[in-house]
>>> print(open('query_14.cif').read())   # mmCIF, N, CA and C atoms
data_data
#
loop_
_atom_site.label_atom_id
_atom_site.label_comp_id
_atom_site.auth_asym_id
_atom_site.auth_seq_id
_atom_site.Cartn_x
_atom_site.Cartn_y
_atom_site.Cartn_z
N MET A 1 9.06 134.47 152.82
CA MET A 1 8.43 133.60 153.77
C MET A 1 7.13 133.00 153.25
N SER A 2 6.55 133.60 152.25
CA SER A 2 5.25 133.13 151.80
C SER A 2 5.31 131.78 151.12
N ASN A 3 6.47 131.37 150.67
CA ASN A 3 6.61 130.08 150.00
C ASN A 3 7.34 129.06 150.87
N GLN A 4 7.33 129.26 152.18
CA GLN A 4 8.12 128.39 153.05
C GLN A 4 7.48 127.04 153.28
N GLY A 5 6.19 126.88 153.07
CA GLY A 5 5.54 125.61 153.31
C GLY A 5 5.44 125.32 154.78
N PRO A 6 5.01 124.12 155.13
CA PRO A 6 4.86 123.78 156.56
C PRO A 6 6.24 123.70 157.24
N ILE A 7 6.29 124.19 158.45
CA ILE A 7 7.53 124.17 159.24
C ILE A 7 7.32 123.24 160.42
N SER A 8 8.18 122.24 160.56
CA SER A 8 8.03 121.29 161.66
C SER A 8 8.23 122.01 162.99
N HIS A 9 7.64 121.46 164.04
CA HIS A 9 7.81 122.03 165.38
C HIS A 9 9.27 122.01 165.79
N GLU A 10 10.00 120.98 165.40
CA GLU A 10 11.42 120.89 165.71
C GLU A 10 12.19 122.04 165.07
N ASP A 11 11.89 122.34 163.81
CA ASP A 11 12.56 123.44 163.12
C ASP A 11 12.16 124.79 163.72
N GLN A 12 10.90 124.93 164.12
CA GLN A 12 10.46 126.17 164.76
C GLN A 12 11.20 126.37 166.08
N ARG A 13 11.30 125.32 166.88
CA ARG A 13 12.03 125.42 168.14
C ARG A 13 13.49 125.81 167.89
N TRP A 14 14.11 125.19 166.90
CA TRP A 14 15.50 125.50 166.56
C TRP A 14 15.65 126.99 166.23
N MET A 15 14.73 127.51 165.43
CA MET A 15 14.78 128.93 165.06
C MET A 15 14.65 129.84 166.28
N PHE A 16 13.68 129.52 167.16
CA PHE A 16 13.41 130.40 168.29
C PHE A 16 14.31 130.17 169.49
N GLU A 17 14.92 129.00 169.59
CA GLU A 17 15.78 128.71 170.74
C GLU A 17 17.26 128.87 170.42
N GLU A 18 17.62 128.79 169.14
CA GLU A 18 19.03 128.87 168.76
C GLU A 18 19.34 130.08 167.88
N ILE A 19 18.70 130.14 166.73
CA ILE A 19 19.06 131.15 165.73
C ILE A 19 18.72 132.57 166.20
N LEU A 20 17.48 132.82 166.52
CA LEU A 20 17.08 134.19 166.90
C LEU A 20 17.78 134.69 168.16
N PRO A 21 17.88 133.91 169.23
CA PRO A 21 18.60 134.44 170.40
C PRO A 21 20.04 134.84 170.08
N HIS A 22 20.74 134.02 169.30
CA HIS A 22 22.12 134.35 168.94
C HIS A 22 22.17 135.60 168.06
N ALA A 23 21.25 135.71 167.12
CA ALA A 23 21.22 136.88 166.24
C ALA A 23 20.95 138.15 167.05
N ILE A 24 20.02 138.08 167.98
CA ILE A 24 19.69 139.24 168.81
C ILE A 24 20.84 139.58 169.73
N ASP A 25 21.49 138.58 170.31
CA ASP A 25 22.68 138.83 171.14
C ASP A 25 23.78 139.52 170.35
N ASN A 26 23.79 139.30 169.04
CA ASN A 26 24.82 139.90 168.18
C ASN A 26 24.35 141.17 167.49
N GLY A 27 23.23 141.74 167.95
CA GLY A 27 22.83 143.06 167.48
C GLY A 27 21.59 143.16 166.62
N LEU A 28 20.95 142.05 166.29
CA LEU A 28 19.73 142.14 165.49
C LEU A 28 18.65 142.86 166.30
N LYS A 29 18.07 143.89 165.72
CA LYS A 29 17.03 144.67 166.40
C LYS A 29 15.68 144.56 165.74
N ARG A 30 15.69 144.51 164.41
CA ARG A 30 14.43 144.52 163.65
C ARG A 30 14.48 143.51 162.53
N ILE A 31 13.32 142.91 162.29
CA ILE A 31 13.16 141.98 161.17
C ILE A 31 11.96 142.44 160.36
N ALA A 32 12.16 142.68 159.10
CA ALA A 32 11.07 143.01 158.18
C ALA A 32 10.87 141.80 157.27
N ALA A 33 9.70 141.21 157.34
CA ALA A 33 9.42 140.02 156.53
C ALA A 33 8.28 140.33 155.57
N VAL A 34 8.42 139.84 154.35
CA VAL A 34 7.40 140.07 153.33
C VAL A 34 6.49 138.85 153.28
N ARG A 35 5.21 139.09 153.51
CA ARG A 35 4.18 138.05 153.46
C ARG A 35 2.98 138.63 152.72
N PRO A 36 2.83 138.35 151.45
CA PRO A 36 1.68 138.88 150.71
C PRO A 36 0.33 138.45 151.30
N ASP A 37 0.34 137.37 152.09
CA ASP A 37 -0.90 136.87 152.69
C ASP A 37 -1.09 137.36 154.12
N VAL A 38 -0.45 138.46 154.49
CA VAL A 38 -0.45 138.95 155.86
C VAL A 38 -1.85 139.33 156.38
N THR A 39 -2.83 139.44 155.51
CA THR A 39 -4.18 139.78 155.96
C THR A 39 -5.05 138.55 156.20
N ASP A 40 -4.56 137.37 155.91
CA ASP A 40 -5.31 136.12 156.12
C ASP A 40 -5.37 135.81 157.61
N PRO A 41 -6.57 135.60 158.19
CA PRO A 41 -6.68 135.37 159.63
C PRO A 41 -5.85 134.21 160.16
N VAL A 42 -5.74 133.13 159.42
CA VAL A 42 -4.92 131.99 159.86
C VAL A 42 -3.46 132.38 159.89
N VAL A 43 -3.03 133.11 158.89
CA VAL A 43 -1.64 133.56 158.82
C VAL A 43 -1.37 134.56 159.94
N ILE A 44 -2.31 135.45 160.20
CA ILE A 44 -2.15 136.45 161.26
C ILE A 44 -1.90 135.76 162.60
N GLU A 45 -2.65 134.70 162.90
CA GLU A 45 -2.47 133.99 164.16
C GLU A 45 -1.04 133.42 164.25
N TYR A 46 -0.59 132.81 163.17
CA TYR A 46 0.76 132.25 163.11
C TYR A 46 1.82 133.34 163.30
N LEU A 47 1.64 134.46 162.60
CA LEU A 47 2.61 135.54 162.67
C LEU A 47 2.62 136.21 164.04
N ASN A 48 1.46 136.30 164.69
CA ASN A 48 1.40 136.86 166.04
C ASN A 48 2.23 136.03 167.01
N GLY A 49 2.22 134.72 166.84
CA GLY A 49 3.05 133.86 167.67
C GLY A 49 4.53 134.15 167.46
N ILE A 50 4.92 134.34 166.23
CA ILE A 50 6.31 134.68 165.92
C ILE A 50 6.65 136.03 166.55
N ASN A 51 5.77 137.01 166.40
CA ASN A 51 6.02 138.34 166.95
C ASN A 51 6.23 138.30 168.45
N GLU A 52 5.41 137.53 169.16
CA GLU A 52 5.54 137.46 170.62
C GLU A 52 6.89 136.88 171.01
N THR A 53 7.33 135.86 170.31
CA THR A 53 8.62 135.25 170.62
C THR A 53 9.75 136.22 170.34
N VAL A 54 9.71 136.87 169.19
CA VAL A 54 10.76 137.82 168.83
C VAL A 54 10.79 138.98 169.83
N LYS A 55 9.63 139.47 170.21
CA LYS A 55 9.54 140.58 171.17
C LYS A 55 10.12 140.16 172.53
N ARG A 56 9.79 138.96 172.97
CA ARG A 56 10.30 138.45 174.24
C ARG A 56 11.83 138.36 174.22
N LEU A 57 12.38 138.09 173.06
CA LEU A 57 13.83 137.98 172.92
C LEU A 57 14.51 139.35 172.83
N GLY A 58 13.72 140.42 172.66
CA GLY A 58 14.29 141.76 172.63
C GLY A 58 14.43 142.40 171.28
N ALA A 59 13.70 141.90 170.30
CA ALA A 59 13.74 142.50 168.96
C ALA A 59 12.31 142.77 168.50
N GLU A 60 12.19 143.30 167.32
CA GLU A 60 10.88 143.61 166.76
C GLU A 60 10.79 143.03 165.36
N GLN A 61 9.66 142.45 165.05
CA GLN A 61 9.43 141.92 163.70
C GLN A 61 8.10 142.43 163.20
N ARG A 62 8.11 142.88 161.96
CA ARG A 62 6.87 143.30 161.31
C ARG A 62 6.77 142.61 159.97
N PHE A 63 5.54 142.42 159.56
CA PHE A 63 5.27 141.75 158.30
C PHE A 63 4.65 142.73 157.32
N PHE A 64 5.07 142.64 156.06
CA PHE A 64 4.63 143.57 155.04
C PHE A 64 4.18 142.83 153.80
N ILE A 65 3.32 143.49 153.04
CA ILE A 65 2.80 142.92 151.80
C ILE A 65 3.83 143.00 150.68
N SER A 66 4.69 144.03 150.73
CA SER A 66 5.67 144.20 149.65
C SER A 66 7.06 144.47 150.19
N VAL A 67 8.05 144.21 149.37
CA VAL A 67 9.44 144.49 149.71
C VAL A 67 9.63 145.99 149.90
N ASP A 68 8.97 146.79 149.08
CA ASP A 68 9.09 148.24 149.20
C ASP A 68 8.61 148.72 150.56
N ASP A 69 7.48 148.20 151.03
CA ASP A 69 6.96 148.58 152.35
C ASP A 69 7.93 148.15 153.45
N ALA A 70 8.47 146.95 153.34
CA ALA A 70 9.42 146.45 154.33
C ALA A 70 10.68 147.33 154.35
N PHE A 71 11.20 147.64 153.18
CA PHE A 71 12.40 148.46 153.08
C PHE A 71 12.15 149.84 153.69
N GLU A 72 11.01 150.42 153.40
CA GLU A 72 10.70 151.76 153.92
C GLU A 72 10.64 151.75 155.44
N TRP A 73 10.06 150.73 156.05
CA TRP A 73 10.00 150.63 157.51
C TRP A 73 11.42 150.54 158.10
N ILE A 74 12.24 149.68 157.53
CA ILE A 74 13.62 149.53 158.03
C ILE A 74 14.38 150.85 157.88
N ARG A 75 14.21 151.52 156.75
CA ARG A 75 14.88 152.81 156.53
C ARG A 75 14.47 153.83 157.60
N ARG A 76 13.15 153.94 157.84
CA ARG A 76 12.65 154.89 158.86
C ARG A 76 13.17 154.53 160.25
N GLU A 77 13.11 153.26 160.60
CA GLU A 77 13.57 152.82 161.92
C GLU A 77 15.06 153.10 162.10
N ASN A 78 15.85 152.90 161.06
CA ASN A 78 17.28 153.18 161.14
C ASN A 78 17.53 154.68 161.31
N GLU A 79 16.75 155.50 160.63
CA GLU A 79 16.89 156.95 160.79
C GLU A 79 16.57 157.36 162.23
N ILE A 80 15.50 156.82 162.78
CA ILE A 80 15.12 157.14 164.16
C ILE A 80 16.22 156.71 165.13
N ALA A 81 16.76 155.52 164.93
CA ALA A 81 17.83 155.01 165.80
C ALA A 81 19.06 155.91 165.71
N THR A 82 19.40 156.37 164.51
CA THR A 82 20.55 157.24 164.33
C THR A 82 20.35 158.56 165.06
N ILE A 83 19.17 159.13 164.95
CA ILE A 83 18.86 160.40 165.64
C ILE A 83 18.96 160.21 167.15
N GLN A 84 18.44 159.12 167.66
CA GLN A 84 18.48 158.87 169.10
C GLN A 84 19.90 158.72 169.61
N VAL A 85 20.77 158.12 168.83
CA VAL A 85 22.17 157.95 169.24
C VAL A 85 22.87 159.30 169.32
N HIS A 86 22.51 160.22 168.44
CA HIS A 86 23.19 161.52 168.39
C HIS A 86 22.57 162.56 169.33
N GLN A 87 21.59 162.19 170.09
CA GLN A 87 20.98 163.16 171.01
C GLN A 87 21.65 163.14 172.36
#
>>> encode(input="query_14.cif", output="structure tokens")
Amino acid sequence: MSNQGPISHEDQRWMFEEILPHAIDNGLKRIAAVRPDVTDPVVIEYLNGINETVKRLGAEQRFFISVDDAFEWIRRENEIATIQVHQ
């Protein structure tokens, strides 16, 4: 995501009104995105907007500095979900 460049409002609406709702309806629960610039205040504001939309749709998104950190979060979350299913 860090090399995505500017995203038009039309494309943002398409993502949040079409793509994400359908993905969540089909089972998407978590999104791990790698953003090396996740500590930049301007980027944080942008990402918080994305998080609110994703949360409202019924999923969770977190941003990480590295792929390893993102992978570890998804691995842990999947383990927790598996344990909860078997209880």
>>> resolve_selection(input="query_14.cif", expression="the PyMOL selection byres (((chain A and resi 55-60 and name CA) around 7) and name CA)", output="PDB file with N, CA and C atoms, in the coordinates of the input")
ATOM      1  N   PRO A  21      17.880 133.910 169.230  1.00  0.00           N
ATOM      2  CA  PRO A  21      18.600 134.440 170.400  1.00  0.00           C
ATOM      3  C   PRO A  21      20.040 134.840 170.080  1.00  0.00           C
ATOM      4  N   ILE A  24      20.020 138.080 167.980  1.00  0.00           N
ATOM      5  CA  ILE A  24      19.690 139.240 168.810  1.00  0.00           C
ATOM      6  C   ILE A  24      20.840 139.580 169.730  1.00  0.00           C
ATOM      7  N   LEU A  28      20.950 142.050 166.290  1.00  0.00           N
ATOM      8  CA  LEU A  28      19.730 142.140 165.490  1.00  0.00           C
ATOM      9  C   LEU A  28      18.650 142.860 166.300  1.00  0.00           C
ATOM     10  N   LYS A  29      18.070 143.890 165.720  1.00  0.00           N
ATOM     11  CA  LYS A  29      17.030 144.670 166.400  1.00  0.00           C
ATOM     12  C   LYS A  29      15.680 144.560 165.740  1.00  0.00           C
ATOM     13  N   ARG A  30      15.690 144.510 164.410  1.00  0.00           N
ATOM     14  CA  ARG A  30      14.430 144.520 163.650  1.00  0.00           C
ATOM     15  C   ARG A  30      14.480 143.510 162.530  1.00  0.00           C
ATOM     16  N   ILE A  31      13.320 142.910 162.290  1.00  0.00           N
ATOM     17  CA  ILE A  31      13.160 141.980 161.170  1.00  0.00           C
ATOM     18  C   ILE A  31      11.960 142.440 160.360  1.00  0.00           C
ATOM     19  N   ASN A  51       5.770 137.010 166.400  1.00  0.00           N
ATOM     20  CA  ASN A  51       6.020 138.340 166.950  1.00  0.00           C
ATOM     21  C   ASN A  51       6.230 138.300 168.450  1.00  0.00           C
ATOM     22  N   GLU A  52       5.410 137.530 169.160  1.00  0.00           N
ATOM     23  CA  GLU A  52       5.540 137.460 170.620  1.00  0.00           C
ATOM     24  C   GLU A  52       6.890 136.880 171.010  1.00  0.00           C
ATOM     25  N   THR A  53       7.330 135.860 170.310  1.00  0.00           N
ATOM     26  CA  THR A  53       8.620 135.250 170.620  1.00  0.00           C
ATOM     27  C   THR A  53       9.750 136.220 170.340  1.00  0.00           C
ATOM     28  N   VAL A  54       9.710 136.870 169.190  1.00  0.00           N
ATOM     29  CA  VAL A  54      10.760 137.820 168.830  1.00  0.00           C
ATOM     30  C   VAL A  54      10.790 138.980 169.830  1.00  0.00           C
ATOM     31  N   GLN A  61       9.660 142.450 165.050  1.00  0.00           N
ATOM     32  CA  GLN A  61       9.430 141.920 163.700  1.00  0.00           C
ATOM     33  C   GLN A  61       8.100 142.430 163.200  1.00  0.00           C
ATOM     34  N   ARG A  62       8.110 142.880 161.960  1.00  0.00           N
ATOM     35  CA  ARG A  62       6.870 143.300 161.310  1.00  0.00           C
ATOM     36  C   ARG A  62       6.770 142.610 159.970  1.00  0.00           C
TER      37      ARG A  62
END
>>> atom_distance(input="query_14.cif", atom1="atom C of Ile50 of chain A", atom2="atom CA of Glu72 of chain A")
20.6 Å
>>> select_by_dssp(input="query_14.cif", residues="chain A", states="strand (DSSP E or B)", output="NGL selection string")
:A and (30-34 or 60-64)
>>> select_by_dssp(input="query_14.cif", residues="segment 15-72 of chain A", states="alpha helix (DSSP H)", output="VMD selection string")
chain A and resid 20 to 25 41 to 57 67 to 72
>>> atom_distance(input="query_14.cif", atom1="atom CA of Thr39 of chain A", atom2="atom CA of Phe64 of chain A")
9.6 Å
